[in-house]
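J.: Below you'll find the structure I mean.
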Amino acid sequence: MPDFSAAFARRTRLRGGDELTTILAGSPPGVLSMTGGFPNPATFPTDEVDAISARLVREDAAVALQYTPCAGLASVREYLIERQAALQGRRPEVAELIVTSGGMECLALLCQALIDPGDAVAVEEPTYLGALMAFGGAEARAAPIGTDADGLRVDALAERLEAGLRPKFVYVIPEYQNPTGRTLPLDRRRALVELCRRHGVLIVEDVAYRELAFDGASLRTLWSLGPDVVLQMGTFSKTFFPGVRLGWAAGPADVVAELVAAKQNTDQCAGALGQRLVEEYGHAGGFERHLPAARALYASHWAALSAALERHMPQGVTWTEPTGGFLTWVTLPDGLDAMALRPAALDAGVAYVPGPPFHAGDGGAATLRLSFSHLTPAELEAAAERLGSVVGAALAPAEA
Ligand SMILES: Cc1ncc(COP(=O)(O)O)c(C=O)c1O
């Protein structure tokens with residue numbers, strides 16, 4: 001067999017993250033997995049998707065099975081524009097909105113359009129691993145900015161900008177952040193927009209989990225506060241289903257135009273069938289009908305996990321209290337290493353994602369991410385009990 005490794009691009013060696021691909025690929029039988037941030041299949045609106053797809057194929061094949069314009073079908077963009085207006089109180093112009101093949105594709109487009117090797121991108125520390133991998137693959141330097149219980153520390157970003165950091169953009173996940181589950185309060189949102197406007201720095205706002213507030217309430221988006229300095233990227237993966245591979249970006253027209261140009265070099269257009277599905281499902285009130293049940297499901301899962309963590313975690317272990325989404329972030333007592341504990345956890349029948357890969361810097365050894373989207377409340381109880389005993393056993397020698 002020929003060895004092609006000499007043909008692989010330099011950036012394939014920069015990528016990292018293979019360990020995580022393995023972790024997310026699945027867990028051995030019998031292991032209760034809290035790894036992947038996947039939506040619960042019980043939230044997939046299968047009957048509607050079945051009926052709408054059949055109708056589209058029967059009645060609209062010339063559009064739904066065809067290529068589309070690069071920025072998306074006109075009717076779909078119009079639907080998404082109205083949706084932004086209804087949900088966020090601002091109506092983007094046609095030139096301010098592009099249909100993407102999901103959030104990850106939007107990150108890839110941003111990298112193509114904005115990043116030259118060596119450019120800086122400011123990120124929350126910790127942040128979404130997929131974003132760090134995309135930025136790393138584009139040979140960007142991720143500049144970690146500190147966070148606290150309220151998410152991004154805007155004062156820390158201000159210090160870095162004043163000290164000369166010139167990022168191509170600041171990447172932020174304001175709601176139920178991946179991996180921490182935290183939400184950026186309104187005063188920080190205003191301060192962030194104001195700061196970035198003053199420095200002429202683009203904000204990339206990732207709203208992947210925004211519509212999954214447990215109580216349905218939400219704060220103003222960064223994009224609605226500062227459409228001149230914010231590019232918002234959204235996805236239908238968590239509110240419809242990931243298999244549709246569909247999302248949007250709304251932001252300054254010149255940035256959106258560059259994303260459209262970049263898309264000509266990737267898939268040229270998001271799949272027409274998925275675009276039409278979202279449009280028809282949306283017009284038929286699907287999101288309004290189904291999202292309350294999805295929010296209630298995730299809220300009940302969090303209630304179960306939260307109570308179980310209280311019951312089973314040893315003293316000194318802390319975790320975040322998300323008000324939406326799928327994720328909580330656990331901090332172990334100093335000296336424990338979540339990566340090193342992973343084999344013992346798997347042996348005990350529980351899986352999590354250790355914290356370090358979510359960090360652009362070196363931190364996070366004592367942290368880990370738990371997803372509560374998938375397991376049932378009874379399984380979450382058992383998973384927390386198993387995790388509690390693994391952490392307890394690791395603490396025992398230190399305490400002896
Ligand atoms: C914060 C965040 N952004 C983007 C994505 C990617 O979404 P998509 O499925 O649309 O590529 C995810 C997926 O988990 C995510 O957690």
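All residue names refer to the structure tokens as shown: chains lettered A, B, ... in order, residues numbered from 1 in each chain, ligands numbered from 1 in order.
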DSSP on the backbone: what in range 130-300 of chain A comes out helix (DSSP H, G or I), as a ChimeraX atom specification?

T.: /A:130-137,154-162,186-199,210-212,222-225,242-244,253-263,272-283,286-300

J.: For ligand 1, collect every residue having any atom at a distance of at most 8 Å from a ligand atom (counting only C-alpha atoms and all ligand atoms); output as a list in words.

T.: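 Every residue with an atom at most 8 Å from ligand 1 is listed here: Gly37, Phe38, Ser101, Gly102, Gly103, Met104, Glu105, Cys106, Tyr128, Gly130, Ala131, Ile173, Gln177, Asn178, Pro179, Asp206, Val207, Ala208, Tyr209, Gly234, Thr235, Phe236, Ser237, Lys238, Pro242, Arg245, Leu246 and Gly247 of chain A.
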
J.: Excluding range 287-304 of chain A and its own-chain neighbours fewer than 4 positions away, which residues fall within 7 Å of it when counting only C-alpha atoms? Please give them as a ChimeraX atom specification.

T.: /A:43,212-214,239,282,308,326,372-373,376-377,380-381

J.: With distances taken over only C-alpha atoms, which of A:Ala384, A:Leu346, A:Ile81, A:Val193 is nearest to Trp248 in chain A?

T.: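 The answer is A:Ile81, which sits nearest to Trp248 in chain A.
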
J.: Might you pull out every residue within 12 Å of Arg83 in chain A, with only C-alpha atoms counted and same-chain residues fewer than 4 positions away left off, and present them as a PyMOL selection string?

T.: chain A and resi 76-79+87-92+97+234+248+250+278-279+282-283+285+287-288

J.: I'd like to know which of A:Thr12, A:Gly364, A:Gly243, A:Ala393 is closest to Thr46 in chain A, using only C-alpha atoms.

T.: A:Gly243

J.: Record the distance separating CA of Asp215 in chain A and CA of Thr323 in chain A, expressed in Å with one decimal.

T.: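 Straight-line distance from CA of Asp215 in chain A to CA of Thr323 in chain A works out to 7.8 Å.
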
J.: Can you pull out the residues contacting range 312-321 of chain A? Cut-off 8 Å, using only C-alpha atoms, and skip same-chain residues under 2 positions away; I want them as a ChimeraX atom specification.

T.: /A:149,180-182,308-310,323,328-333,384-385,387-389,391-392

J.: What does the distance between CA of Glu211 in chain A and CA of Tyr352 in chain A come to in Å, to one decimal place?

T.: 24.5 Å
